[in-house]
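J.: This one is target_7.tsv, TSV, C-alpha atoms.
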```tsv
chain	number	residue	atom	x	y	z
A	1	MET	CA	74.74	41.26	-15.46
A	2	THR	CA	73.21	38.06	-16.89
A	3	SER	CA	69.66	37.48	-15.67
A	4	ARG	CA	67.92	34.17	-15.02
A	5	ALA	CA	65.49	34.94	-17.84
A	6	GLU	CA	68.42	35.34	-20.25
A	7	ILE	CA	69.93	32.07	-19.05
A	8	LEU	CA	66.67	30.17	-19.55
A	9	ALA	CA	66.14	31.72	-23.00
A	10	ALA	CA	69.65	30.71	-24.08
A	11	ALA	CA	69.20	27.19	-22.73
A	12	ARG	CA	65.91	26.90	-24.60
A	13	ARG	CA	67.65	27.94	-27.84
A	14	LEU	CA	70.31	25.28	-27.36
A	15	ILE	CA	67.75	22.58	-26.62
A	16	ASP	CA	65.59	23.50	-29.59
A	17	ARG	CA	68.62	23.55	-31.86
A	18	ASP	CA	70.69	20.60	-30.64
A	19	GLY	CA	68.52	18.59	-28.23
A	20	TRP	CA	68.52	18.60	-24.46
A	21	GLY	CA	71.12	15.82	-24.30
A	22	LYS	CA	73.70	18.21	-25.76
A	23	LEU	CA	73.00	20.92	-23.21
A	24	THR	CA	75.96	21.51	-20.88
A	25	ILE	CA	76.88	24.34	-18.57
A	26	ARG	CA	79.97	25.04	-20.68
A	27	ARG	CA	77.99	25.25	-23.94
A	28	LEU	CA	75.36	27.41	-22.28
A	29	ALA	CA	78.02	29.78	-20.98
A	30	ALA	CA	79.47	30.06	-24.50
A	31	GLU	CA	75.99	30.79	-25.88
A	32	LEU	CA	75.65	33.61	-23.35
A	33	GLY	CA	79.18	34.90	-23.95
A	34	ILE	CA	80.23	34.46	-20.33
A	35	GLY	CA	82.54	32.11	-18.48
A	36	ALA	CA	81.31	28.84	-16.99
A	37	THR	CA	82.46	30.00	-13.55
A	38	THR	CA	80.22	33.05	-13.85
A	39	LEU	CA	77.27	30.90	-14.88
A	40	TYR	CA	77.74	28.68	-11.82
A	41	HIS	CA	76.94	31.72	-9.70
A	42	HIS	CA	73.41	31.52	-11.13
A	43	ILE	CA	72.93	27.77	-11.73
A	44	ARG	CA	74.43	25.04	-9.53
A	45	ASN	CA	74.36	22.27	-12.13
A	46	LYS	CA	72.56	20.95	-15.19
A	47	ASP	CA	69.88	19.21	-13.12
A	48	GLU	CA	68.87	22.49	-11.50
A	49	LEU	CA	68.85	24.17	-14.91
A	50	LEU	CA	66.52	21.53	-16.36
A	51	VAL	CA	64.11	21.86	-13.45
A	52	LEU	CA	64.07	25.64	-13.86
A	53	LEU	CA	63.44	25.23	-17.59
A	54	LEU	CA	60.64	22.76	-16.98
A	55	ASN	CA	58.89	24.95	-14.45
A	56	HIS	CA	59.22	27.95	-16.74
A	57	HIS	CA	57.86	25.99	-19.71
A	58	VAL	CA	54.85	24.62	-17.83
A	59	ASP	CA	54.14	27.98	-16.22
A	60	GLN	CA	53.84	29.60	-19.66
A	61	ILE	CA	51.13	27.21	-20.84
A	62	ALA	CA	47.69	28.73	-21.07
A	63	ARG	CA	45.21	27.02	-18.77
A	64	PRO	CA	42.13	25.76	-20.61
A	65	GLN	CA	38.68	26.14	-19.18
A	66	LEU	CA	38.17	22.74	-17.59
A	67	PRO	CA	34.73	21.04	-17.74
A	68	ASP	CA	32.59	20.76	-14.64
A	69	GLU	CA	31.93	17.04	-15.16
A	70	PRO	CA	34.78	15.23	-13.36
A	71	HIS	CA	35.41	12.52	-15.97
A	72	ASP	CA	35.69	15.16	-18.68
A	73	ARG	CA	37.86	17.31	-16.42
A	74	VAL	CA	40.37	14.49	-15.92
A	75	VAL	CA	40.54	13.89	-19.67
A	76	ALA	CA	40.91	17.61	-20.44
A	77	ALA	CA	43.71	18.04	-17.89
A	78	ALA	CA	45.56	14.95	-19.15
A	79	THR	CA	45.19	16.23	-22.71
A	80	ALA	CA	46.66	19.59	-21.68
A	81	LEU	CA	49.59	17.76	-20.09
A	82	HIS	CA	50.10	15.71	-23.25
A	83	ASP	CA	49.97	18.73	-25.53
A	84	ALA	CA	52.42	20.68	-23.36
A	85	LEU	CA	54.99	17.91	-23.44
A	86	ALA	CA	54.40	17.00	-27.09
A	87	ASP	CA	55.45	20.54	-28.01
A	88	TRP	CA	58.70	20.06	-26.09
A	89	PRO	CA	59.30	16.29	-25.77
A	90	TRP	CA	62.67	16.64	-24.00
A	91	ALA	CA	60.67	17.62	-20.91
A	92	ALA	CA	58.97	14.22	-20.93
A	93	GLU	CA	62.41	12.60	-20.98
A	94	ILE	CA	63.40	14.15	-17.64
A	95	LEU	CA	60.04	13.31	-16.08
A	96	THR	CA	60.17	9.56	-16.58
A	97	ALA	CA	61.01	8.80	-12.95
A	98	ASP	CA	58.41	8.55	-10.22
A	99	GLY	CA	58.53	11.51	-7.88
A	100	PHE	CA	58.91	14.06	-10.68
A	101	VAL	CA	55.99	16.08	-9.32
A	102	GLY	CA	58.25	17.07	-6.43
A	103	LEU	CA	60.40	18.97	-8.92
A	104	LEU	CA	57.57	21.23	-10.05
A	105	ASP	CA	56.65	24.59	-8.58
A	106	ALA	CA	53.15	24.92	-7.19
A	107	SER	CA	52.17	27.14	-10.11
A	108	ALA	CA	53.18	24.39	-12.55
A	109	LEU	CA	51.21	21.65	-10.79
A	110	TRP	CA	47.74	22.68	-11.92
A	111	MET	CA	47.39	19.81	-14.41
A	112	VAL	CA	48.32	17.25	-11.76
A	113	GLU	CA	45.94	18.94	-9.31
A	114	ALA	CA	43.11	18.88	-11.84
A	115	ILE	CA	43.52	15.16	-12.54
A	116	VAL	CA	43.72	14.20	-8.86
A	117	ALA	CA	40.79	16.46	-7.95
A	118	GLY	CA	38.70	15.14	-10.83
A	119	ALA	CA	39.39	11.55	-9.77
A	120	GLU	CA	38.38	12.32	-6.18
A	121	ASP	CA	35.22	14.03	-7.41
A	122	CYS	CA	34.41	10.80	-9.28
A	123	GLY	CA	34.54	8.93	-5.98
A	124	CYS	CA	38.19	7.88	-5.71
A	125	THR	CA	40.02	8.00	-2.42
A	126	PRO	CA	43.12	10.22	-2.38
A	127	ALA	CA	45.31	7.12	-2.77
A	128	GLN	CA	43.20	5.90	-5.71
A	129	ALA	CA	43.31	9.37	-7.29
A	130	VAL	CA	47.12	9.33	-7.18
A	131	ASP	CA	47.04	5.91	-8.86
A	132	VAL	CA	44.75	7.31	-11.57
A	133	PHE	CA	47.17	10.15	-12.21
A	134	ARG	CA	50.17	7.82	-12.37
A	135	ASP	CA	48.41	5.43	-14.76
A	136	LEU	CA	47.39	8.26	-17.07
A	137	TRP	CA	50.87	9.74	-16.82
A	138	TYR	CA	52.54	6.48	-17.87
A	139	TYR	CA	50.25	6.24	-20.87
A	140	THR	CA	50.82	9.89	-21.78
A	141	VAL	CA	54.59	10.06	-21.44
A	142	GLY	CA	54.98	6.71	-23.20
A	143	GLU	CA	53.02	7.95	-26.21
A	144	ILE	CA	55.04	11.17	-26.37
A	145	LEU	CA	58.42	9.47	-26.14
A	146	VAL	CA	57.62	6.76	-28.68
A	147	ARG	CA	56.53	9.34	-31.24
A	148	ALA	CA	59.41	11.70	-30.48
A	149	HIS	CA	62.01	8.94	-30.76
A	150	SER	CA	60.44	7.60	-33.94
A	151	ALA	CA	60.54	11.06	-35.52
A	152	ARG	CA	64.23	11.48	-34.64
A	153	ARG	CA	65.34	8.04	-35.85
A	154	PRO	CA	67.57	8.52	-38.91
A	155	ALA	CA	66.84	6.53	-42.05
A	156	ASP	CA	70.16	5.59	-43.62
A	157	ASP	CA	72.39	2.58	-44.15
A	158	ALA	CA	73.84	2.81	-40.65
A	159	HIS	CA	70.36	3.08	-39.12
A	160	PRO	CA	68.01	1.05	-41.33
A	161	ALA	CA	64.28	1.50	-41.04
A	162	PRO	CA	62.83	-0.73	-38.31
A	163	ARG	CA	61.14	-3.96	-39.32
A	164	GLY	CA	57.79	-2.54	-38.23
A	165	ALA	CA	57.92	0.06	-41.02
A	166	SER	CA	56.43	-2.50	-43.41
A	167	PHE	CA	55.07	-6.04	-43.23
A	168	SER	CA	54.97	-6.56	-46.97
A	169	ASP	CA	57.56	-9.35	-46.92
A	170	LEU	CA	56.18	-11.36	-44.00
A	171	ASP	CA	55.37	-15.04	-44.31
A	172	ALA	CA	51.58	-15.29	-44.40
A	173	THR	CA	51.70	-18.85	-43.08
A	174	GLN	CA	53.29	-17.60	-39.87
A	175	VAL	CA	51.56	-14.25	-39.27
A	176	PRO	CA	48.64	-14.07	-41.72
A	177	ARG	CA	46.92	-10.98	-40.29
A	178	LEU	CA	50.08	-8.87	-40.29
A	179	ALA	CA	51.03	-10.08	-43.76
A	180	ALA	CA	47.57	-9.05	-44.99
A	181	ILE	CA	48.13	-5.53	-43.64
A	182	GLY	CA	51.49	-5.46	-45.40
A	183	ASP	CA	52.79	-2.08	-46.47
A	184	ARG	CA	49.69	-0.33	-45.10
A	185	TRP	CA	51.16	-0.64	-41.60
A	186	PRO	CA	53.04	2.71	-41.56
A	187	GLU	CA	49.91	4.59	-42.61
A	188	LEU	CA	47.73	2.83	-40.06
A	189	ALA	CA	50.31	3.16	-37.29
A	190	ALA	CA	50.58	6.91	-37.92
A	191	HIS	CA	46.99	7.53	-36.78
A	192	ASP	CA	46.72	9.67	-33.65
A	193	THR	CA	45.02	7.29	-31.23
A	194	TYR	CA	45.94	9.18	-28.06
A	195	PRO	CA	42.59	10.99	-27.53
A	196	ARG	CA	40.55	7.81	-27.99
A	197	GLY	CA	42.90	5.76	-25.86
A	198	LEU	CA	42.97	8.38	-23.13
A	199	ARG	CA	39.18	8.49	-22.94
A	200	ALA	CA	38.92	4.70	-22.82
A	201	PHE	CA	41.66	4.48	-20.19
A	202	ALA	CA	40.12	7.19	-18.02
A	203	ASP	CA	36.67	5.61	-18.27
A	204	ALA	CA	38.12	2.28	-17.14
A	205	LEU	CA	39.99	3.82	-14.21
A	206	LEU	CA	37.36	6.18	-12.84
A	207	PRO	CA	34.20	5.29	-10.94
A	208	HIS	CA	31.09	6.09	-12.96
A	209	THR	CA	28.86	7.03	-10.05
A	210	PRO	CA	30.15	10.09	-8.18
A	211	PRO	CA	29.62	10.07	-4.42
A	212	THR	CA	26.35	11.53	-3.25
A	213	ALA	CA	26.26	14.36	-0.79
A	214	PRO	CA	25.01	13.38	2.67
A	215	ARG	CA	21.35	14.18	3.27
A	216	THR	CA	20.54	16.91	5.70
A	217	THR	CA	17.59	16.72	8.04
A	218	ALA	CA	15.27	19.56	8.63
```
Is it possible to express this structure as structure tokens?

T.:
Amino acid sequence: MTSRAEILAAARRLIDRDGWGKLTIRRLAAELGIGATTLYHHIRNKDELLVLLLNHHVDQIARPQLPDEPHDRVVAAATALHDALADWPWAAEILTADGFVGLLDASALWMVEAIVAGAEDCGCTPAQAVDVFRDLWYYTVGEILVRAHSARRPADDAHPAPRGASFSDLDATQVPRLAAIGDRWPELAAHDTYPRGLRAFADALLPHTPPTAPRTTA
């Protein structure tokens, strides 16, 4: 009998090989050597399969030792979230809609919990802490998807390199600063700015004076 672990392993192979957009129940059944009808006894549809895959993927990620200082804890948890999705960018694709956290199992929510808790420990209200998470999430998933899509973009006659690949032929009278950068743009744009941007973003979002504990009287 086909187990759920075997189904998830086969789906992961298909995604890694062909991309998550090519994953279908029929192709997965063929990969497993079973009929699609048999597979539907285990998985209702592709959406359920993707959620199961996502929870399994996140649940396998080693949890780093988070710092005690709440600002640093928020940054560390957001970095862990980024690194997890950067290793498997298709997961970021299915998490681009608000409300995605409702798809995750409790065991897979530790990064979200750490960011919200860190924001509250900095002095945010629960509502503000959720806003902090959502702002950091937008920045994180945007960075992952831009880089993933750029890496997948073919470079051929049918799909020419985007204009931003080089500014060497720009009119310096119109855009002098970009023209001066010229063909150095690809090298400069390839720098990994996520850690610096994340720190700056978190520092701007979070209060810098944590709430003080109420004084007790003798």

J.: My list of candidates is A:Asp59, A:Ile144, A:Pro207, A:Gln174. Which is closest to Gln128 of chain A when distances are computed with only C-alpha atoms?

T.: A:Pro207

J.: Counting all atoms listed in the file, figure out which residue out of A:Asp87, A:Asp169, A:Asp135, A:Asp72 gets nearest to Ala114 of chain A.

T.: A:Asp72

J.: Mind pulling up the distance from atom CA of Val58 of chain A to atom CA of Val101 of chain A?

T.: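 Atom CA of Val58 of chain A lies 12.1 Å from atom CA of Val101 of chain A.
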
J.: Considering all atoms listed in the file, state which residue in the set A:Glu48, A:Glu143, A:Glu6, A:Asp121 is at the smallest distance from Pro195 of chain A.

T.: A:Glu143

J.: From the set A:Leu50, A:Ala119, A:Met111, A:Leu39, which residue has the shortest atom-to-atom contact distance to Ala62 of chain A, counting only C-alpha atoms?

T.: A:Met111

J.: Excluding Asn45 of chain A and residues on its chain fewer than 6 positions from it, collect all residues at most 12 Å away from it, counting all atoms listed in the file, and give them as a ChimeraX atom specification.

T.: /A:23-26,28,36-37,39,51-52

J.: Can you tell me how far atom CA of Val75 of chain A sits from atom CA of Trp90 of chain A, in Å to one decimal?

T.: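 Result for atom CA of Val75 of chain A versus atom CA of Trp90 of chain A: 22.7 Å, one decimal.
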
J.: Find, counting all atoms listed in the file, the residue in A:Thr79, A:Leu85, A:Phe167, A:Asp183 that gets nearest to Gly197 of chain A.

T.: A:Thr79

J.: What is the atom CA of Ala5 of chain A-atom CA of Gly21 of chain A distance in Å, reported with one decimal?

T.: 21.0 Å

J.: From the options A:Lys46, A:His41, A:His71, A:His56, which residue's atoms come nearest to His208 of chain A, counting only C-alpha atoms?

T.: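 The shortest atom-to-atom distance to His208 of chain A comes from A:His71.
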